[in-house]
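Asks: Contents are compact mmCIF, C-alpha atoms and all ligand atoms; file name entry_9.txt:
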# COMPACT_ATOMS: atom_id res chain seq x y z
CA MET A 1 104.85 47.01 199.54
CA SER A 2 101.51 46.13 197.97
CA GLU A 3 100.26 42.92 196.49
CA THR A 4 98.22 42.98 193.35
CA PRO A 5 94.67 41.98 194.25
CA SER A 6 93.76 38.80 192.38
CA HIS A 7 90.17 38.39 193.54
CA ALA A 8 87.28 39.94 191.63
CA VAL A 9 85.09 42.18 193.76
CA THR A 10 81.61 43.27 192.81
CA PRO A 11 80.41 45.85 195.32
CA ARG A 12 76.97 44.98 196.61
CA PRO A 13 74.34 47.56 195.59
CA GLY A 14 72.24 49.41 198.14
CA ILE A 15 74.87 51.07 200.33
CA GLU A 16 72.60 54.12 200.57
CA ASP A 17 69.76 52.00 201.96
CA ARG A 18 72.03 50.46 204.57
CA LEU A 19 73.05 53.93 205.72
CA ALA A 20 69.42 55.09 205.70
CA ARG A 21 68.48 52.21 208.01
CA MET A 22 71.24 53.19 210.42
CA ILE A 23 70.11 56.82 210.40
CA ARG A 24 66.56 55.73 211.33
CA LEU A 25 67.84 54.55 214.71
CA PRO A 26 68.15 57.70 216.87
CA THR A 27 71.39 56.82 218.64
CA VAL A 28 71.65 60.24 220.28
CA SER A 29 74.37 60.20 222.95
CA ALA A 30 73.00 63.21 224.79
CA GLU A 31 69.55 61.62 225.14
CA ARG A 32 70.73 58.26 226.47
CA ALA A 33 69.76 59.16 230.04
CA GLN A 34 66.12 59.74 228.96
CA ARG A 35 65.73 57.27 226.09
CA GLY A 36 67.90 54.48 227.44
CA LEU A 37 69.99 52.04 225.44
CA GLU A 38 67.21 50.87 223.15
CA PRO A 39 68.31 52.61 219.92
CA PHE A 40 71.92 51.54 220.57
CA GLU A 41 70.90 47.92 221.07
CA ALA A 42 68.78 48.13 217.93
CA PHE A 43 71.82 49.43 216.06
CA ALA A 44 73.99 46.53 217.23
CA ALA A 45 71.19 44.13 216.24
CA LEU A 46 70.84 45.70 212.79
CA LEU A 47 74.47 45.08 211.81
CA PRO A 48 74.25 41.24 211.44
CA GLU A 49 71.22 41.72 209.24
CA LEU A 50 72.99 44.22 206.97
CA TYR A 51 76.39 42.49 207.03
CA PRO A 52 75.91 38.71 207.26
CA LEU A 53 79.41 37.79 206.06
CA VAL A 54 81.11 40.16 208.49
CA HIS A 55 79.21 38.46 211.30
CA GLU A 56 79.98 35.01 209.99
CA HIS A 57 83.73 35.47 209.52
CA LEU A 58 84.83 38.13 212.03
CA GLU A 59 84.95 37.67 215.80
CA LEU A 60 82.79 40.18 217.62
CA GLU A 61 83.49 41.34 221.15
CA ARG A 62 81.35 43.78 223.15
CA VAL A 63 83.47 46.15 225.23
CA THR A 64 81.35 48.17 227.66
CA GLU A 65 77.69 48.48 226.66
CA LEU A 66 78.51 50.55 223.62
CA GLY A 67 81.78 49.32 222.14
CA LEU A 68 81.80 46.84 219.25
CA VAL A 69 85.12 45.32 218.24
CA TYR A 70 85.45 42.97 215.29
CA ARG A 71 88.58 40.98 214.61
CA TRP A 72 89.32 39.80 211.08
CA ARG A 73 92.19 37.36 211.19
CA GLY A 74 94.87 37.98 208.61
CA ARG A 75 96.89 35.56 206.51
CA ARG A 76 99.82 35.82 208.91
CA GLU A 77 100.85 37.20 212.27
CA ALA A 78 102.30 40.64 211.70
CA PRO A 79 104.75 41.42 214.50
CA ASP A 80 104.30 45.14 213.90
CA GLY A 81 100.59 45.01 214.65
CA PRO A 82 97.16 45.13 213.02
CA LEU A 83 95.15 47.71 211.13
CA VAL A 84 92.37 49.31 213.19
CA LEU A 85 89.48 51.01 211.39
CA MET A 86 87.41 53.15 213.74
CA ALA A 87 84.04 54.88 213.57
CA HIS A 88 81.25 55.82 215.96
CA TYR A 89 77.54 55.14 215.68
CA ASP A 90 76.16 57.69 218.13
CA VAL A 91 75.07 61.12 216.93
CA VAL A 92 74.47 64.60 218.29
CA PRO A 93 70.93 65.80 219.00
CA VAL A 94 68.81 67.82 216.62
CA ASP A 95 67.65 71.27 217.60
CA GLU A 96 63.84 71.08 217.49
CA SER A 97 63.61 74.63 216.17
CA ASP A 98 65.80 73.84 213.14
CA ASP A 99 64.12 73.46 209.82
CA TRP A 100 65.26 70.26 208.09
CA THR A 101 64.20 69.54 204.51
CA TYR A 102 63.40 65.96 205.61
CA PRO A 103 62.97 64.80 209.19
CA PRO A 104 66.47 64.14 210.59
CA PHE A 105 65.78 60.51 211.53
CA GLU A 106 63.71 59.57 208.50
CA GLY A 107 66.74 58.33 206.55
CA ARG A 108 65.54 59.79 203.27
CA VAL A 109 67.31 58.83 200.03
CA GLU A 110 66.58 61.50 197.42
CA ASP A 111 68.26 62.60 194.17
CA GLY A 112 71.47 60.71 194.85
CA TRP A 113 71.84 61.85 198.45
CA VAL A 114 71.19 60.30 201.84
CA PHE A 115 69.76 62.81 204.32
CA GLY A 116 69.76 62.58 208.08
CA ARG A 117 71.60 63.03 211.36
CA GLY A 118 74.79 60.99 211.24
CA ALA A 119 75.05 60.83 207.42
CA LEU A 120 78.56 62.36 207.65
CA ASP A 121 79.24 62.10 211.38
CA ASP A 122 79.81 59.24 211.58
CA LYS A 123 77.45 56.59 210.21
CA GLY A 124 78.46 57.32 206.59
CA PRO A 125 82.13 56.67 207.38
CA LEU A 126 81.08 53.54 209.32
CA VAL A 127 78.98 52.15 206.45
CA VAL A 128 81.85 52.45 203.98
CA VAL A 129 84.13 50.41 206.26
CA LEU A 130 81.59 47.61 206.70
CA ASP A 131 80.66 47.54 203.02
CA ALA A 132 84.32 47.20 202.03
CA VAL A 133 84.83 44.27 204.40
CA GLU A 134 81.59 42.56 203.36
CA ASN A 135 82.46 42.93 199.66
CA LEU A 136 85.95 41.52 200.16
CA LEU A 137 84.59 38.58 202.16
CA ALA A 138 82.14 37.84 199.35
CA ALA A 139 85.11 37.64 196.99
CA GLY A 140 86.95 35.21 199.29
CA PHE A 141 89.60 37.72 200.34
CA THR A 142 91.67 37.49 203.53
CA PRO A 143 93.76 40.50 204.61
CA ALA A 144 97.54 40.20 204.85
CA ARG A 145 97.49 41.03 208.57
CA ASP A 146 94.84 41.24 211.29
CA VAL A 147 92.23 43.92 210.88
CA TYR A 148 90.10 45.24 213.73
CA LEU A 149 86.94 47.29 213.35
CA SER A 150 86.35 49.44 216.42
CA PHE A 151 82.95 51.11 216.70
CA GLY A 152 82.04 53.27 219.68
CA GLY A 153 78.54 54.33 220.67
CA ASP A 154 79.42 57.35 222.82
CA GLU A 155 82.00 59.40 220.93
CA GLU A 156 79.86 62.52 221.22
CA SER A 157 79.93 62.19 225.02
CA HIS A 158 83.63 61.60 225.73
CA GLY A 159 84.07 58.17 224.11
CA ALA A 160 84.31 55.87 227.13
CA ALA A 161 83.72 52.89 224.81
CA ALA A 162 86.67 53.75 222.57
CA GLU A 163 88.80 54.37 225.64
CA ALA A 164 87.89 50.93 227.02
CA ILE A 165 88.63 49.35 223.63
CA SER A 166 92.04 51.01 223.43
CA ASP A 167 92.76 49.93 227.02
CA LEU A 168 91.96 46.37 226.02
CA PHE A 169 94.46 46.56 223.16
CA ARG A 170 97.08 47.90 225.51
CA GLU A 171 96.41 45.17 228.10
CA ARG A 172 96.77 42.53 225.42
CA GLY A 173 100.00 44.09 224.20
CA ILE A 174 98.60 44.91 220.76
CA VAL A 175 100.03 48.10 219.31
CA PRO A 176 98.32 48.81 215.98
CA TRP A 177 100.44 49.28 212.90
CA LEU A 178 97.92 51.80 211.62
CA VAL A 179 94.73 53.35 213.01
CA VAL A 180 92.25 55.22 210.80
CA ASP A 181 89.35 57.18 212.32
CA GLU A 182 87.17 60.18 211.46
CA GLY A 183 88.46 63.75 211.56
CA GLY A 184 89.67 64.65 208.08
CA ALA A 185 87.91 64.32 204.72
CA VAL A 186 88.21 65.17 201.06
CA THR A 187 87.53 68.90 200.88
CA ASP A 188 87.36 71.79 198.52
CA SER A 189 90.20 74.28 198.83
CA PRO A 190 91.06 74.60 202.53
CA LEU A 191 93.18 77.69 201.96
CA PRO A 192 92.85 80.59 199.58
CA LEU A 193 95.42 80.25 196.74
CA VAL A 194 95.14 76.46 196.54
CA PRO A 195 93.05 75.07 193.67
CA GLY A 196 91.23 71.73 193.50
CA THR A 197 90.34 69.17 196.13
CA SER A 198 92.49 67.83 198.95
CA ALA A 199 92.34 64.78 201.16
CA MET A 200 93.03 66.25 204.58
CA VAL A 201 94.48 63.58 206.82
CA GLY A 202 94.57 64.54 210.49
CA VAL A 203 97.92 63.46 211.94
CA GLY A 204 97.12 64.85 215.36
CA GLU A 205 94.34 66.49 217.31
CA LYS A 206 94.26 69.36 219.71
CA GLY A 207 93.57 68.81 223.39
CA ILE A 208 90.70 70.34 225.27
CA VAL A 209 90.25 71.79 228.72
CA THR A 210 87.41 73.56 230.46
CA LEU A 211 88.50 75.93 233.23
CA ARG A 212 86.38 77.55 235.90
CA LEU A 213 87.42 81.05 236.92
CA SER A 214 85.85 82.18 240.20
CA ALA A 215 86.07 85.39 242.15
CA ARG A 216 84.77 86.35 245.55
CA GLY A 217 84.00 89.88 246.63
CA GLU A 218 82.00 91.78 249.12
CA GLY A 219 78.29 91.54 248.55
CA GLY A 220 75.87 94.25 249.52
CA HIS A 221 73.61 96.88 248.07
CA ALA A 222 74.29 98.03 244.52
CA SER A 223 73.84 101.69 245.45
CA ALA A 224 77.33 102.10 246.91
CA PRO A 225 79.57 99.52 245.19
CA PRO A 226 83.29 99.13 245.97
CA THR A 227 85.70 99.70 243.09
CA MET A 228 86.45 96.03 242.56
CA THR A 229 83.52 93.61 242.71
CA ALA A 230 83.47 89.89 242.01
CA VAL A 231 81.79 90.58 238.67
CA ARG A 232 84.42 93.12 237.66
CA ARG A 233 87.20 90.72 238.55
CA ILE A 234 85.72 88.00 236.38
CA ALA A 235 85.11 90.42 233.52
CA ARG A 236 88.71 91.61 233.71
CA ALA A 237 90.02 88.06 233.89
CA VAL A 238 88.06 87.02 230.78
CA ASP A 239 89.21 90.16 229.01
CA ARG A 240 92.84 89.26 229.73
CA LEU A 241 92.36 85.98 227.86
CA GLY A 242 92.15 87.53 224.41
CA PRO A 243 93.29 85.90 221.15
CA ARG A 244 96.95 86.61 221.96
CA ALA A 245 96.90 84.85 225.32
CA PHE A 246 98.78 81.91 223.86
CA PRO A 247 101.80 81.93 221.54
CA ALA A 248 101.38 80.89 217.91
CA ARG A 249 103.47 77.92 216.79
CA THR A 250 103.31 75.92 213.57
CA PRO A 251 102.90 72.14 213.90
CA ARG A 252 105.23 70.15 211.63
CA ALA A 253 102.21 68.78 209.76
CA ILE A 254 101.13 72.25 208.73
CA SER A 255 104.52 73.15 207.23
CA ARG A 256 104.38 69.88 205.35
CA MET A 257 100.84 70.67 204.18
CA LEU A 258 102.00 74.03 202.83
CA ARG A 259 104.91 72.41 201.01
CA LEU A 260 102.53 69.99 199.28
CA PHE A 261 100.09 72.78 198.44
CA ALA A 262 102.95 74.80 196.94
CA GLU A 263 103.55 72.04 194.41
CA LYS A 264 99.92 72.24 193.35
CA ALA A 265 99.58 76.04 193.22
CA GLU A 266 100.85 78.26 190.44
CA GLY A 267 102.62 81.59 190.03
CA PRO A 268 102.91 83.91 193.02
CA ALA A 269 100.74 81.64 195.18
CA ARG A 270 103.31 78.89 194.75
CA LEU A 271 106.13 81.14 195.86
CA ALA A 272 104.15 82.42 198.84
CA LEU A 273 103.26 78.92 200.00
CA ARG A 274 106.85 77.74 199.56
CA ALA A 275 108.13 80.66 201.60
CA LEU A 276 105.62 79.94 204.37
CA ALA A 277 106.48 76.25 204.38
CA ALA A 278 110.15 77.11 204.85
CA THR A 279 109.58 79.50 207.76
CA PRO A 280 107.29 78.07 210.44
CA ALA A 281 107.57 81.24 212.53
CA ALA A 282 106.19 83.33 209.66
CA THR A 283 103.42 80.79 209.09
CA ALA A 284 102.42 81.01 212.74
CA GLN A 285 102.18 84.79 212.54
CA ALA A 286 100.33 84.79 209.21
CA PHE A 287 97.81 82.16 210.31
CA ALA A 288 97.28 83.83 213.67
CA ALA A 289 96.55 87.11 211.89
CA MET A 290 93.94 85.43 209.67
CA GLY A 291 91.86 84.45 212.72
CA GLY A 292 89.23 81.71 212.63
CA GLU A 293 90.29 78.25 211.50
CA PRO A 294 93.83 79.17 210.36
CA ALA A 295 94.53 80.77 213.74
CA ALA A 296 93.13 77.74 215.55
CA LEU A 297 95.63 75.55 213.68
CA VAL A 298 98.62 77.31 215.20
CA ARG A 299 97.64 78.19 218.75
CA THR A 300 95.65 77.28 221.82
CA THR A 301 92.28 78.98 221.46
CA VAL A 302 90.28 80.45 224.33
CA ALA A 303 86.48 80.57 224.26
CA PRO A 304 84.61 81.94 227.29
CA THR A 305 81.38 79.93 227.17
CA MET A 306 79.49 80.49 230.46
CA LEU A 307 79.18 83.35 232.90
CA ALA A 308 77.43 83.25 236.25
CA GLY A 309 76.89 85.59 239.17
CA GLY A 310 74.12 87.50 240.83
CA THR A 311 70.59 86.78 241.99
CA ALA A 312 68.90 90.21 241.81
CA HIS A 313 69.38 93.30 239.67
CA ASN A 314 70.06 95.57 242.67
CA VAL A 315 72.27 93.28 244.79
CA LEU A 316 76.05 92.94 244.44
CA PRO A 317 76.86 89.27 244.08
CA SER A 318 79.47 87.99 246.53
CA GLN A 319 80.79 85.65 243.87
CA ALA A 320 80.98 85.41 240.12
CA SER A 321 82.41 82.80 237.79
CA ALA A 322 83.16 82.04 234.18
CA LYS A 323 83.76 78.84 232.29
CA VAL A 324 86.34 79.00 229.57
CA ASN A 325 86.80 76.31 226.95
CA LEU A 326 90.31 76.02 225.51
CA ARG A 327 91.55 73.88 222.64
CA ILE A 328 95.14 73.03 223.41
CA ALA A 329 97.80 73.21 220.72
CA LEU A 330 99.94 70.15 220.00
CA GLY A 331 103.01 70.05 222.22
CA GLU A 332 101.28 71.77 225.16
CA THR A 333 99.52 70.21 228.19
CA VAL A 334 96.35 70.62 230.23
CA GLU A 335 98.29 71.66 233.36
CA GLY A 336 100.59 74.01 231.45
CA THR A 337 97.55 75.62 229.86
CA ALA A 338 95.84 76.20 233.22
CA GLU A 339 99.08 77.66 234.58
CA ARG A 340 99.39 80.05 231.67
CA VAL A 341 95.80 81.19 232.20
CA ARG A 342 96.59 81.89 235.88
CA ARG A 343 99.57 84.00 234.85
CA ARG A 344 97.56 85.92 232.23
CA VAL A 345 94.67 86.58 234.61
CA ASP A 346 97.23 87.77 237.16
CA ASP A 347 94.76 88.20 240.01
CA PRO A 348 95.26 86.36 243.31
CA LEU A 349 91.55 86.74 244.06
CA VAL A 350 90.54 84.82 240.95
CA THR A 351 90.97 81.06 241.23
CA VAL A 352 91.43 78.96 238.13
CA GLU A 353 90.51 75.27 238.30
CA VAL A 354 90.42 72.53 235.73
CA VAL A 355 86.84 71.22 235.30
CA GLU A 356 87.84 68.59 232.77
CA GLY A 357 90.64 68.15 230.32
CA SER A 358 92.13 65.88 227.70
CA GLU A 359 95.72 66.18 226.50
CA PRO A 360 96.52 66.97 222.86
CA SER A 361 97.72 63.99 220.83
CA PRO A 362 101.24 63.46 219.51
CA GLU A 363 101.83 63.95 215.77
CA SER A 364 101.76 60.86 213.55
CA PRO A 365 104.57 60.57 211.01
CA VAL A 366 104.12 61.88 207.49
CA ASP A 367 107.39 60.61 205.94
CA ASP A 368 106.27 57.09 206.45
CA GLU A 369 104.96 54.09 204.52
CA ARG A 370 101.60 54.28 206.29
CA PHE A 371 100.91 57.86 205.28
CA ALA A 372 102.07 56.94 201.77
CA LEU A 373 99.65 54.01 201.76
CA LEU A 374 96.73 56.27 202.66
CA ALA A 375 97.73 58.65 199.87
CA GLU A 376 97.90 55.73 197.45
CA CYS A 377 94.36 54.66 198.39
CA VAL A 378 93.07 58.23 198.00
CA GLY A 379 94.57 58.02 194.52
CA VAL A 380 92.25 55.06 193.87
CA SER A 381 89.05 56.52 195.37
CA HIS A 382 89.54 60.25 194.73
CA PRO A 383 92.16 60.51 191.98
CA ASP A 384 91.93 64.32 191.73
CA ALA A 385 92.63 64.94 195.40
CA LEU A 386 96.06 65.76 196.84
CA THR A 387 96.68 64.01 200.17
CA VAL A 388 98.00 66.40 202.80
CA PRO A 389 98.51 66.21 206.57
CA TYR A 390 96.84 68.61 208.96
CA VAL A 391 95.72 68.94 212.57
CA VAL A 392 92.18 68.18 213.72
CA MET A 393 90.66 70.80 215.96
CA ALA A 394 87.86 68.67 217.42
CA ALA A 395 88.32 65.63 219.66
CA THR A 396 87.93 62.13 218.19
CA ASP A 397 87.91 58.62 219.63
CA ALA A 398 91.30 58.12 217.94
CA ARG A 399 93.00 60.08 220.71
CA TYR A 400 92.83 57.07 223.02
CA PHE A 401 94.76 54.89 220.58
CA HIS A 402 97.19 57.74 219.93
CA ARG A 403 98.35 57.54 223.57
CA PHE A 404 100.24 54.33 222.81
CA SER A 405 100.27 53.79 219.06
CA PRO A 406 102.36 56.08 216.90
CA ALA A 407 100.53 55.91 213.56
CA VAL A 408 97.00 57.24 214.02
CA TYR A 409 95.38 59.09 211.13
CA ARG A 410 92.05 60.87 211.10
CA PHE A 411 90.43 60.64 207.71
CA ALA A 412 87.01 59.68 206.37
CA PRO A 413 87.22 59.01 202.63
CA LEU A 414 84.16 61.10 201.76
CA THR A 415 83.97 64.51 200.11
CA MET A 416 82.83 67.15 202.59
CA THR A 417 82.79 70.62 201.11
CA LYS A 418 82.69 73.58 203.47
CA ALA A 419 78.91 73.77 203.03
CA LEU A 420 78.57 70.07 203.87
CA ARG A 421 80.88 70.31 206.87
CA GLU A 422 78.56 72.96 208.28
CA THR A 423 75.71 70.42 208.27
CA ILE A 424 77.65 68.26 210.75
CA HIS A 425 76.07 69.04 214.12
CA GLY A 426 73.80 71.37 212.06
CA VAL A 427 70.86 71.23 209.66
CA ASP A 428 70.32 68.95 206.63
CA GLU A 429 73.30 66.70 207.28
CA ARG A 430 73.67 64.57 204.15
CA VAL A 431 76.07 62.55 202.06
CA GLU A 432 76.17 61.91 198.34
CA VAL A 433 75.58 58.27 197.37
CA ALA A 434 78.46 58.49 194.86
CA GLU A 435 80.75 59.41 197.78
CA LEU A 436 79.68 56.34 199.73
CA VAL A 437 80.72 54.30 196.72
CA ARG A 438 84.10 56.05 196.67
CA GLY A 439 84.50 55.61 200.40
CA GLU A 440 83.97 51.88 200.05
CA THR A 441 86.55 51.88 197.26
CA PHE A 442 89.07 53.61 199.53
CA HIS A 443 88.76 51.09 202.34
CA ARG A 444 88.80 48.15 199.95
CA ALA A 445 91.98 49.53 198.40
CA LEU A 446 93.50 49.91 201.85
CA LEU A 447 92.58 46.37 202.94
CA GLU A 448 93.89 44.92 199.68
CA ARG A 449 97.19 46.78 199.93
CA LEU A 450 98.03 45.96 203.53
CA PRO A 451 101.61 44.72 203.68
ZN ZN A 501 82.15 62.24 214.84
Render the structure in this file as structure tokens.
Replies:
Amino acid sequence: MSETPSHAVTPRPGIEDRLARMIRLPTVSAERAQRGLEPFEAFAALLPELYPLVHEHLELERVTELGLVYRWRGRREAPDGPLVLMAHYDVVPVDESDDWTYPPFEGRVEDGWVFGRGALDDKGPLVVVLDAVENLLAAGFTPARDVYLSFGGDEESHGAAAEAISDLFRERGIVPWLVVDEGGAVTDSPLPLVPGTSAMVGVGEKGIVTLRLSARGEGGHASAPPTMTAVRRIARAVDRLGPRAFPARTPRAISRMLRLFAEKAEGPARLALRALAATPAATAQAFAAMGGEPAALVRTTVAPTMLAGGTAHNVLPSQASAKVNLRIALGETVEGTAERVRRRVDDPLVTVEVVEGSEPSPESPVDDERFALLAECVGVSHPDALTVPYVVMAATDARYFHRFSPAVYRFAPLTMTKALRETIHGVDERVEVAELVRGETFHRALLERLP
């Protein structure tokens, strides 16, 4: 499938400085209404300065105010579609009360690390894509098939840019052969019992829905309350949506992940993992019992996030409401989820409405040349890591492409230990410079090996 690369590539030094310059532009999605587009425009203007060859050789198209799409023409027309490499350049805000070692938008490079908001999510993964393309262009390389770079500037606020970009592909009849976006990473042991590092490749992502539960009741003075008030109804409804509200089911990818982990583990752990891999129903029960992340992998989760009702401490409110955020398991739907919540709440005086929702993605194939290609490239950039499929619990821009293209994988080729993953959307977000170098290696390997 692969061609031996014949061109000599010398990666350009200074990848950490390029990332630092991107971090210095506060492209905070949530602050766009106040700050305007200025940092986003500055970001788009910075790219030609940092990547002159990319801007000389690739065709750039702006899609909405925030979408940047680059087309790199391949050596031939591939009837089965192009490669699409995705990333986003907006970031989440910083909590002013948090105590960062260095200011979050300073873009500090220190002791082999780059610090700042966006270092991992998702400017680091974006830099490694652009560096790989720039380095290959410098060596005179042309990819075997078309390659698109798709960068959105509003992923953290629903990703309208990525949606518009994917719509454009669909209108033009372009179904990508392979899409790679953020979502998975190289991690330390994701499960107890499994030694070493793993490249977790997200083959699907859960859906999301926010529901509003509202109840009406008689208002009045709090001194003589009726048995059932609006507040009680809402409290009971929320209570009926406990962890067991939704059935546990094991996605195919997770059984496959366990099978691969079994090969790596030793002794009793190996047998246990093998047994779990062979019996998805047992896996679902075991993971559900573990709670936390393992449970979230196998079922729709329910998180009550907002409660409202009442205006005075001695007055019965005539209405009360709750917002509940659910992450929908693969294979289920937004409407089916709302319906199940109605049945669980089982109270005709509580209405359940969908505030907003996004369907879960399908599952990309694992027994497939594209998954094998990603694993091969991980072997080049992170030779110690085992490549395994899993399911992403957060939403990514890739979901829009997944609606019409079958092979969408969520993986940033950077090591993110548990401690580092906690800095994403948190404090002291940072990436190791050596990992940026490996990330560039991964994408270069992928571009060179395209069939
Ligand atoms: Zn992200």
Asks: Ranking A:Arg327, A:Arg252, A:Arg232, A:Lys123 by minimum distance to Thr210 (chain A) and counting all atoms listed in the file, which one comes first?
Replies: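 Answer, going by the shortest atom-to-atom distance: A:Arg327.
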Asks: Have a look at CA of Phe151 (chain A) and CA of Asp121 (chain A) and let me know their distance in Å, one decimal.
Replies: 12.8 Å
Asks: Taking 4 positions as the minimum chain separation for residues in the same chain, which residues sit within 7 Å of Arg75 (chain A) when counting only C-alpha atoms? Answer as a PyMOL selection string.
Replies: chain A and resi 142-145
Asks: Please give me, as a list in words, the residues lying within 10 Å of ligand ZN 501 (chain A) when counting only C-alpha atoms and all ligand atoms.
Replies: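 These are the residues that qualify: Ala87, His88, Tyr89, Asp90, Val91, Val92, Gly118, Leu120, Asp121, Asp122, Lys123, Pro125, Asp154, Glu155, Glu156, Asp181, Glu182, Gly183, Ala394, Ala395, Thr396, Asp397, Ile424 and His425 of chain A.
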Asks: To one decimal in Å, tell me the separation between CA of Ala338 (chain A) and CA of Asp239 (chain A).
Replies: 16.0 Å
Asks: At what distance in Å, to one decimal, does CA of Arg212 (chain A) lie from CA of Val355 (chain A)?
Replies: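 Going from CA of Val355 (chain A) over to CA of Arg212 (chain A), I get 6.4 Å.
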Asks: Contacts between region 369-387 of chain A and region 258-329 of chain A, please, where a residue of region 258-329 of chain A counts if it comes within 10 Å (with only C-alpha atoms); show its shortest atom pair and distance in Å to one decimal, rows by chain and ascending number, as CSV.
Replies:
residue,atom,partner,partner_atom,distance
A:Leu260,CA,A:Leu386,CA,8.1
A:Phe261,CA,A:Leu386,CA,8.3
A:Lys264,CA,A:Leu386,CA,8.3
Asks: Of the candidates A:Leu178, A:Val84, A:Leu66, A:Leu193, which shows the shortest atom-to-atom distance to Tyr148 (chain A), using only C-alpha atoms?
Replies: A:Val84
Asks: Which one of A:Ala248, A:Ala320, A:Asn314, A:Tyr51 sits closest to Ala284 (chain A) if you count all atoms listed in the file?
Replies: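 Comparing A:Ala248, A:Ala320, A:Asn314, A:Tyr51 against Ala284 (chain A), the winner is A:Ala248.
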Asks: Hey, which of A:Ile234, A:Arg342, A:Val302, A:Thr64 ends up closest to Ser166 (chain A)? Count only C-alpha atoms.
Replies: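 Of A:Ile234, A:Arg342, A:Val302, A:Thr64, the one nearest Ser166 (chain A), counting only C-alpha atoms, is A:Thr64.
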Asks: Taking 4 positions as the minimum chain separation for residues in the same chain, which residues sit within 9 Å of Tyr400 (chain A) when counting all atoms listed in the file? Answer as a list of chain:residue names.
Replies: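 Selected residues are A:Gly159, A:Ala162, A:Glu163, A:Ala164, A:Ile165, A:Ser166, A:Asp167, A:Ser361, A:Thr396, A:Phe404.
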Asks: Using only C-alpha atoms, which residue out of A:Glu96, A:Asp111, A:Glu77, A:Glu422 lies closest to Ile174 (chain A)?
Replies: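 Among the listed residues, A:Glu77 lies closest to Ile174 (chain A).
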Asks: Residues near Val9 (chain A), anyone? I mean within 8 Å using only C-alpha atoms, not counting same-chain ones fewer than 4 positions away, as a list in words.
Replies: Asn135, Leu136, Ala138 and Ala139 of chain A
Asks: Just the residues within 6 Å of region 304-312 of chain A, please, counting all atoms listed in the file, with nothing from its chain fewer than 6 positions along; format it as a ChimeraX atom specification.
Replies: /A:320-324
Asks: Counting all atoms listed in the file, write as a PDB file with C-alpha atoms, in the frame of the given file all protein and nucleic acid residues lying at most 12 Å from (105.7, 59.4, 210.7) in the file's frame.
Replies:
ATOM      1  CA  TRP A 177     100.440  49.280 212.900  1.00  0.00           C
ATOM      2  CA  LEU A 178      97.920  51.800 211.620  1.00  0.00           C
ATOM      3  CA  VAL A 203      97.920  63.460 211.940  1.00  0.00           C
ATOM      4  CA  GLY A 204      97.120  64.850 215.360  1.00  0.00           C
ATOM      5  CA  ARG A 252     105.230  70.150 211.630  1.00  0.00           C
ATOM      6  CA  ALA A 253     102.210  68.780 209.760  1.00  0.00           C
ATOM      7  CA  ARG A 256     104.380  69.880 205.350  1.00  0.00           C
ATOM      8  CA  PRO A 362     101.240  63.460 219.510  1.00  0.00           C
ATOM      9  CA  GLU A 363     101.830  63.950 215.770  1.00  0.00           C
ATOM     10  CA  SER A 364     101.760  60.860 213.550  1.00  0.00           C
ATOM     11  CA  PRO A 365     104.570  60.570 211.010  1.00  0.00           C
ATOM     12  CA  VAL A 366     104.120  61.880 207.490  1.00  0.00           C
ATOM     13  CA  ASP A 367     107.390  60.610 205.940  1.00  0.00           C
ATOM     14  CA  ASP A 368     106.270  57.090 206.450  1.00  0.00           C
ATOM     15  CA  GLU A 369     104.960  54.090 204.520  1.00  0.00           C
ATOM     16  CA  ARG A 370     101.600  54.280 206.290  1.00  0.00           C
ATOM     17  CA  PHE A 371     100.910  57.860 205.280  1.00  0.00           C
ATOM     18  CA  ALA A 372     102.070  56.940 201.770  1.00  0.00           C
ATOM     19  CA  PRO A 389      98.510  66.210 206.570  1.00  0.00           C
ATOM     20  CA  SER A 405     100.270  53.790 219.060  1.00  0.00           C
ATOM     21  CA  PRO A 406     102.360  56.080 216.900  1.00  0.00           C
ATOM     22  CA  ALA A 407     100.530  55.910 213.560  1.00  0.00           C
ATOM     23  CA  VAL A 408      97.000  57.240 214.020  1.00  0.00           C
ATOM     24  CA  TYR A 409      95.380  59.090 211.130  1.00  0.00           C
TER      25      TYR A 409
END
Asks: Could you list, as a PDB file with C-alpha atoms, in the coordinates of the input, every residue within 10 Å of Asp131 (chain A), counting only C-alpha atoms and ignoring same-chain residues fewer than 5 positions away?
Replies:
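Wrote it out as out-v5.pdb, contents follow:
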ATOM      1  CA  PRO A  11      80.410  45.850 195.320  1.00  0.00           C
ATOM      2  CA  ARG A  12      76.970  44.980 196.610  1.00  0.00           C
ATOM      3  CA  PRO A  13      74.340  47.560 195.590  1.00  0.00           C
ATOM      4  CA  GLY A  14      72.240  49.410 198.140  1.00  0.00           C
ATOM      5  CA  ILE A  15      74.870  51.070 200.330  1.00  0.00           C
ATOM      6  CA  ARG A  18      72.030  50.460 204.570  1.00  0.00           C
ATOM      7  CA  LEU A  50      72.990  44.220 206.970  1.00  0.00           C
ATOM      8  CA  TYR A  51      76.390  42.490 207.030  1.00  0.00           C
ATOM      9  CA  VAL A  54      81.110  40.160 208.490  1.00  0.00           C
ATOM     10  CA  LEU A 126      81.080  53.540 209.320  1.00  0.00           C
ATOM     11  CA  LEU A 136      85.950  41.520 200.160  1.00  0.00           C
ATOM     12  CA  LEU A 137      84.590  38.580 202.160  1.00  0.00           C
ATOM     13  CA  LEU A 436      79.680  56.340 199.730  1.00  0.00           C
ATOM     14  CA  VAL A 437      80.720  54.300 196.720  1.00  0.00           C
ATOM     15  CA  GLY A 439      84.500  55.610 200.400  1.00  0.00           C
ATOM     16  CA  GLU A 440      83.970  51.880 200.050  1.00  0.00           C
ATOM     17  CA  THR A 441      86.550  51.880 197.260  1.00  0.00           C
ATOM     18  CA  HIS A 443      88.760  51.090 202.340  1.00  0.00           C
ATOM     19  CA  ARG A 444      88.800  48.150 199.950  1.00  0.00           C
TER      20      ARG A 444
END
